[in-house]
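J.: I am attaching a structure below and will ask some questions about it afterwards.
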Amino acid sequence: MSTPSPVAPAAHPPTPLARTPFYDFHVQAGAKMVDFAGWELPILYKSIAEEHTQCRTSGAIFDVSHMGRLTFTGKDAMALLDRVLTRKLSDMKVGQSRYSLICNDAGGLMDDVIVSKDVKNWMMVCNASNREKVVKHLIATRKALDLDCDLVDQTTSTAMVALQGPKVIERLAAILPVDLAGMKRYHFESANLMLFKIHVFRCGYTGEDGVEIILPAKAASMAIKLIAGSLNKESATIAPCGLGARDTLRTEAGMPLYGHELSETVDPLSAGLGWAADLTKNFIGADALRKIQVDGPARRLVGLELAEKRIARQGAPVKLGDRIVGEVTSGTLSPTLGKSIAMAYVDSAVAAGDLSPGGSSTEGSSTGGLSVDLRGSIIPAKIVKLPFYKRQG
C-alpha cells in the first residue's frame with residue numbers, strides 16, 4: 001500500500017492593506033503608494049526633494065489618517081492618562097495639547113503621543129504601528145486600577161491631515177472657522193465646517209508652522225477640496241506631499257521617529273526627551289527612570305554631520321577611530337542644508353564631547369576621529385547640535 005503524499009497547507013492570502021479616506025485622492029494625484037504600518041499611503045507624488053522644498057517654502061498637505069486617534073470619557077479618564085503618561089495633566093486647560101510619552105515598567109518607550117483636553121473628553125494621537133499595543137496597555141491599566149472611564153478608538157471613523165509650511169496659516173485663515181492667527185502652538189479649537197465637526201490643532205512634525213486637522217471620515221473627500229484648494233496647479237500654495245518628504249523634514253528638524261530613535265529598549269533620558277518625563281509624578285516606568293537619571297544613560301542621542309554627501313542609513317556603526325561607539329538611527333541628504341545628516345545613539349562620553357582615543361573595547365584600539373562606517377567606507381563625521389534646521393520666526 002503506497003503512502004499518501006503529504007498535502008501542502010493552503011496558502012493564506014496576504015492581509016489587505018488598510019486605506020485612508022483620502023486613498024482615491026492620492027491615486028488621482030499620481031501618488032506612488034507603499035505599505036506603511038499596514039496602511040497603503042503615498043511615499044511621493046513627484047519627488048521627495050521637490051515636496052520637501054514645497055513644505056519649507058510654501059505649504060504641504062500630508063495624509064496622516066493612519067495615526068491612531070483615541071478618545072477618553074468618564075470621571076476617571078484623567079486618572080488613567082495620568083498613570084500612563086509621563087507628563088503632568090492637572091494643569092492643562094480646555095483647548096490645550098501636550099506632547100507626552102508612554103513607558104513600560106523598565107522605562108522603555110512604548111510610544112510618543114499628543115494628548116489634548118476637550119470640554120467633555122480627552123483625545124490622544126498615537127503612532128500607527130503602536131495603536132493596538134497602546135490600546136491594550138490602556139485597557140489593562142484601567143482594569144488594574146478599577147477606573148471608571150471609557151476609551152473609544154476613532155481611527156477608522158475619522159480622517160486626519162497635516163498642513164505645514166510658512167504660507168499655510170495665512171491660506172487657511174480665510175477658510176477655517178477658527179482663530180488661527182491667535183491660536184498658540186500646541187493648542188486647538190473645535191468648530192463646524194460644512195455641517196461637520198472638526199478639530200484644528202496648531203502643531204506638526206516638519207519643523208514648520210502649520211496645523212493638523214481631525215474630521216469625520218465621510219467628509220474627507222469634500223473637506224480636502226475646500227481646505228487645500230487647487231492642488232493640481234503649479235503655483236498652488238499648498239501641494240500634496242508624501243511620507244518620503246515627511247521623513248526628511250522631521251529629520252532636519254531633529255524630531256524622533258518611533259522604530260528609529262524610539263523603541264521599548266530606549267528610555268526618554270537617552271533620547272533627549274527628559275523634558276517630557278516629569279519624574280515628580282508616579283507614572284508607569286517612573287521608578288526605573290529615576291534610577292537612570294541618577295546613574296546617567298549609557299548612550300545619548302546626538303546629531304551628526306558627515307563630511308561627504310553619502311546617506312547614513314539606520315544601523316550604520318558610528319566609530320571613534322576603529323572602536324564602535326554608537327549606531328545611526330536615521331539619516332538623509334538634507335535638501336535644505338545640502339549636507340548629509342544623521343541622528344545616532346553614541347556612548348555618553350562621546351556625546352559629551354570626549355573624543356579622546358582611550359578606553360578599553362573588544363573592538364580594538366581607538367585611533368583617529370569620529371566617523372560613520374557605510375558598508376566599509378569610513379566617512380568622517382562630527383557631532384552637531386539638534387535640530388539641524390530651525391525655522392525663522
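Within each chain, counting starts at residue 1; across the C-alpha cells, chains are named A, B, ... in the order shown, with ligands numbered 1 upward in that order.
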Enumerate, in order of chain and increasing residue number, the residues of stretch 90-165 of chain A with an atom no farther than 6 Å from stretch 261-272 of chain A, each with its shortest atom pair and distance in Å to one decimal, counting only C-alpha atoms, as a tab-separated table.
T.:
```
residue	atom	partner	partner_atom	distance
A:Gly107	CA	A:Asp267	CA	5.5
A:Gly108	CA	A:Glu264	CA	4.3
A:Leu109	CA	A:Glu264	CA	4.5
A:Met110	CA	A:Glu264	CA	5.3
```
J.: Residues near A:Ile48, anyone? I mean within 10 Å using only C-alpha atoms, not counting same-chain ones fewer than 6 positions away, as a short mmCIF file (atom, residue, chain, number, x, y, z; two decimals) with N, CA and C atoms, in the first residue's frame.
T.:
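The new file part.cif reads:
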```cif
data_model
loop_
_atom_site.label_atom_id
_atom_site.label_comp_id
_atom_site.auth_asym_id
_atom_site.auth_seq_id
_atom_site.Cartn_x
_atom_site.Cartn_y
_atom_site.Cartn_z
N GLN A 54 8.76 72.25 -1.20
CA GLN A 54 7.41 72.83 -1.19
C GLN A 54 6.97 73.13 0.24
N CYS A 241 2.02 66.10 -0.43
CA CYS A 241 3.36 65.56 -0.23
C CYS A 241 3.26 64.21 0.47
N GLY A 242 4.27 63.36 0.25
CA GLY A 242 4.22 62.00 0.74
C GLY A 242 5.09 61.75 1.96
N LEU A 243 5.12 60.49 2.36
CA LEU A 243 5.87 60.09 3.55
C LEU A 243 7.37 60.32 3.41
N GLY A 244 7.87 60.24 2.16
CA GLY A 244 9.30 60.45 1.96
C GLY A 244 9.75 61.83 2.40
N ALA A 245 9.01 62.87 1.96
CA ALA A 245 9.35 64.23 2.36
C ALA A 245 9.09 64.45 3.85
N ARG A 246 8.05 63.82 4.36
CA ARG A 246 7.76 63.97 5.79
C ARG A 246 8.93 63.46 6.63
N ASP A 247 9.58 62.39 6.15
CA ASP A 247 10.71 61.83 6.88
C ASP A 247 11.94 62.74 6.79
N THR A 248 12.24 63.28 5.62
CA THR A 248 13.40 64.17 5.52
C THR A 248 13.17 65.46 6.29
N LEU A 249 11.93 65.95 6.28
CA LEU A 249 11.60 67.17 7.03
C LEU A 249 11.78 66.97 8.53
N PRO A 335 17.86 68.21 1.95
CA PRO A 335 17.59 69.09 0.81
C PRO A 335 17.76 70.57 1.15
#
```
J.: Which one is closest to A:Val27: A:Pro177, A:Gly59, A:Pro240, A:Gly74? Count only C-alpha atoms.
T.: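 That would be A:Pro240, the residue with the smallest distance to A:Val27.
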J.: Could you build a table of the residues in stretch 39-157 of chain A lying no more than 10 Å from stretch 187-192 of chain A, giving for each the nearest pair of atoms and their separation in Å rounded to one decimal place, using only C-alpha atoms, ordered by chain and ascending residue number, as a tab-separated table?
T.:
```
residue	atom	partner	partner_atom	distance
A:Lys93	CA	A:His187	CA	9.5
A:Val94	CA	A:Phe188	CA	8.8
A:Gly95	CA	A:Phe188	CA	5.1
A:Gln96	CA	A:His187	CA	4.3
A:Ser97	CA	A:His187	CA	5.3
A:Arg98	CA	A:His187	CA	8.4
A:Ser116	CA	A:His187	CA	8.2
A:Lys117	CA	A:Phe188	CA	9.2
A:Asp118	CA	A:Ser190	CA	8.7
A:Val119	CA	A:Ser190	CA	9.9
```
J.: Grab the residues selected above and save them as a compact mmCIF listing (two decimals), in the first residue's frame with N, CA and C atoms.
T.:
```txt
# COMPACT_ATOMS: atom_id res chain seq x y z
N LYS A 93 -5.52 73.08 30.32
CA LYS A 93 -6.80 73.75 30.15
C LYS A 93 -7.49 73.24 28.88
N VAL A 94 -8.79 73.43 28.80
CA VAL A 94 -9.54 73.05 27.61
C VAL A 94 -8.95 73.78 26.40
N GLY A 95 -8.69 73.04 25.34
CA GLY A 95 -8.10 73.64 24.16
C GLY A 95 -6.58 73.53 24.12
N GLN A 96 -6.00 72.81 25.06
CA GLN A 96 -4.54 72.68 25.11
C GLN A 96 -4.13 71.25 24.76
N SER A 97 -3.02 71.12 24.05
CA SER A 97 -2.43 69.82 23.71
C SER A 97 -1.06 69.73 24.36
N ARG A 98 -0.58 68.50 24.54
CA ARG A 98 0.72 68.31 25.17
C ARG A 98 1.39 67.06 24.62
N SER A 116 -4.74 65.80 24.28
CA SER A 116 -5.43 67.09 24.24
C SER A 116 -6.66 67.06 25.15
N LYS A 117 -6.93 68.18 25.80
CA LYS A 117 -8.09 68.28 26.69
C LYS A 117 -9.21 69.03 26.02
N ASP A 118 -10.34 68.33 25.81
CA ASP A 118 -11.53 68.96 25.24
C ASP A 118 -12.51 69.28 26.37
N VAL A 119 -13.68 69.77 26.04
CA VAL A 119 -14.65 70.19 27.05
C VAL A 119 -15.11 69.01 27.90
```
J.: Point out the residue among A:Ala253, A:Ala277, A:Ile284, A:Val113 with the least atom-to-atom distance to A:Asn130, counting only C-alpha atoms.
T.: A:Val113
J.: So how many Å separate atom CA of A:Ala77 and atom CA of A:Val211, to one decimal?
T.: 26.0 Å
J.: Counting only C-alpha atoms, what is within 12 Å of A:Lys136, bar same-chain residues fewer than 5 positions away, as a PyMOL selection string?
T.: chain A and resi 110+130-131+141-143+151+153
J.: Neighbouring residues of A:Ala159 were defined as those with any atom within 12 Å, considering only C-alpha atoms; residues of the same chain fewer than 5 positions away were excluded. Please report them as a PyMOL selection string.
T.: chain A and resi 19-23+62-69+125+154+197-199+212-224
J.: Residues near A:Ala60, anyone? I mean within 12 Å using only C-alpha atoms, not counting same-chain ones fewer than 2 positions away, as number ranges by chain.
T.: A: 45, 50-58, 62-63, 161-169, 171, 204-206, 208-212, 227-229, 231, 236-243, 245-246, 249
J.: At a cut-off of 10 Å, using only C-alpha atoms, what residues contact A:Gly296? Leave out same-chain residues fewer than 4 positions from it and give the result as a ChimeraX atom specification.
T.: /A:269-270,289-292,300,348
J.: Generate a file of the selected residues that holds N, CA and C atoms, formatted as a PDB file, in the first residue's frame.
T.:
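Okay, out_29.pdb is ready:
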```
ATOM      1  N   LEU A 269      15.387  59.573  28.739  1.00  0.00           N
ATOM      2  CA  LEU A 269      16.591  60.345  29.062  1.00  0.00           C
ATOM      3  C   LEU A 269      17.667  60.135  28.006  1.00  0.00           C
ATOM      4  N   SER A 270      17.824  58.903  27.534  1.00  0.00           N
ATOM      5  CA  SER A 270      18.791  58.622  26.478  1.00  0.00           C
ATOM      6  C   SER A 270      18.395  59.313  25.180  1.00  0.00           C
ATOM      7  N   LEU A 289      13.150  55.169  35.573  1.00  0.00           N
ATOM      8  CA  LEU A 289      13.758  56.372  35.011  1.00  0.00           C
ATOM      9  C   LEU A 289      14.499  57.177  36.069  1.00  0.00           C
ATOM     10  N   ARG A 290      14.012  57.151  37.305  1.00  0.00           N
ATOM     11  CA  ARG A 290      14.723  57.854  38.369  1.00  0.00           C
ATOM     12  C   ARG A 290      16.102  57.224  38.595  1.00  0.00           C
ATOM     13  N   LYS A 291      16.176  55.923  38.477  1.00  0.00           N
ATOM     14  CA  LYS A 291      17.473  55.251  38.631  1.00  0.00           C
ATOM     15  C   LYS A 291      18.408  55.598  37.472  1.00  0.00           C
ATOM     16  N   ILE A 292      17.861  55.632  36.261  1.00  0.00           N
ATOM     17  CA  ILE A 292      18.670  56.001  35.098  1.00  0.00           C
ATOM     18  C   ILE A 292      19.162  57.437  35.237  1.00  0.00           C
ATOM     19  N   ARG A 300      23.487  58.342  24.428  1.00  0.00           N
ATOM     20  CA  ARG A 300      22.617  59.501  24.220  1.00  0.00           C
ATOM     21  C   ARG A 300      22.435  59.750  22.724  1.00  0.00           C
ATOM     22  N   SER A 348      27.793  57.920  26.048  1.00  0.00           N
ATOM     23  CA  SER A 348      27.573  59.218  26.691  1.00  0.00           C
ATOM     24  C   SER A 348      28.827  60.083  26.732  1.00  0.00           C
TER      25      SER A 348
END
```
J.: Identify, with DSSP run on backbone atoms, the residues in stretch 46-155 of chain A assigned to strand (DSSP E), and express the list as a count of residues only.
T.: 36
J.: Pick out the residues sitting within 10 Å of A:Asp35, and hand them over as a ChimeraX atom specification; count only C-alpha atoms, and ignore anything fewer than 6 positions along from it in its own chain.
T.: /A:17-18,41-43
J.: Deliver the residues from the most recent selection as a file, using N, CA and C atoms, as a JSON list (two decimals), in the first residue's frame.
T.:
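New file result_10.json:
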```json
[["chain", "number", "residue", "atom", "x", "y", "z"],
["A", 17, "LEU", "N", -4.04, 45.76, 2.76],
["A", 17, "LEU", "CA", -3.64, 46.99, 3.44],
["A", 17, "LEU", "C", -4.86, 47.86, 3.71],
["A", 18, "ALA", "N", -4.82, 48.54, 4.83],
["A", 18, "ALA", "CA", -5.89, 49.49, 5.15],
["A", 18, "ALA", "C", -5.71, 50.73, 4.27],
["A", 41, "LEU", "N", -0.21, 54.05, 1.74],
["A", 41, "LEU", "CA", -0.02, 55.50, 1.83],
["A", 41, "LEU", "C", 0.94, 55.99, 0.75],
["A", 42, "PRO", "N", 0.87, 57.29, 0.39],
["A", 42, "PRO", "CA", 1.75, 57.83, -0.64],
["A", 42, "PRO", "C", 3.17, 58.08, -0.11],
["A", 43, "ILE", "N", 4.15, 57.53, -0.81],
["A", 43, "ILE", "CA", 5.54, 57.82, -0.45],
["A", 43, "ILE", "C", 6.00, 59.11, -1.13]]
```
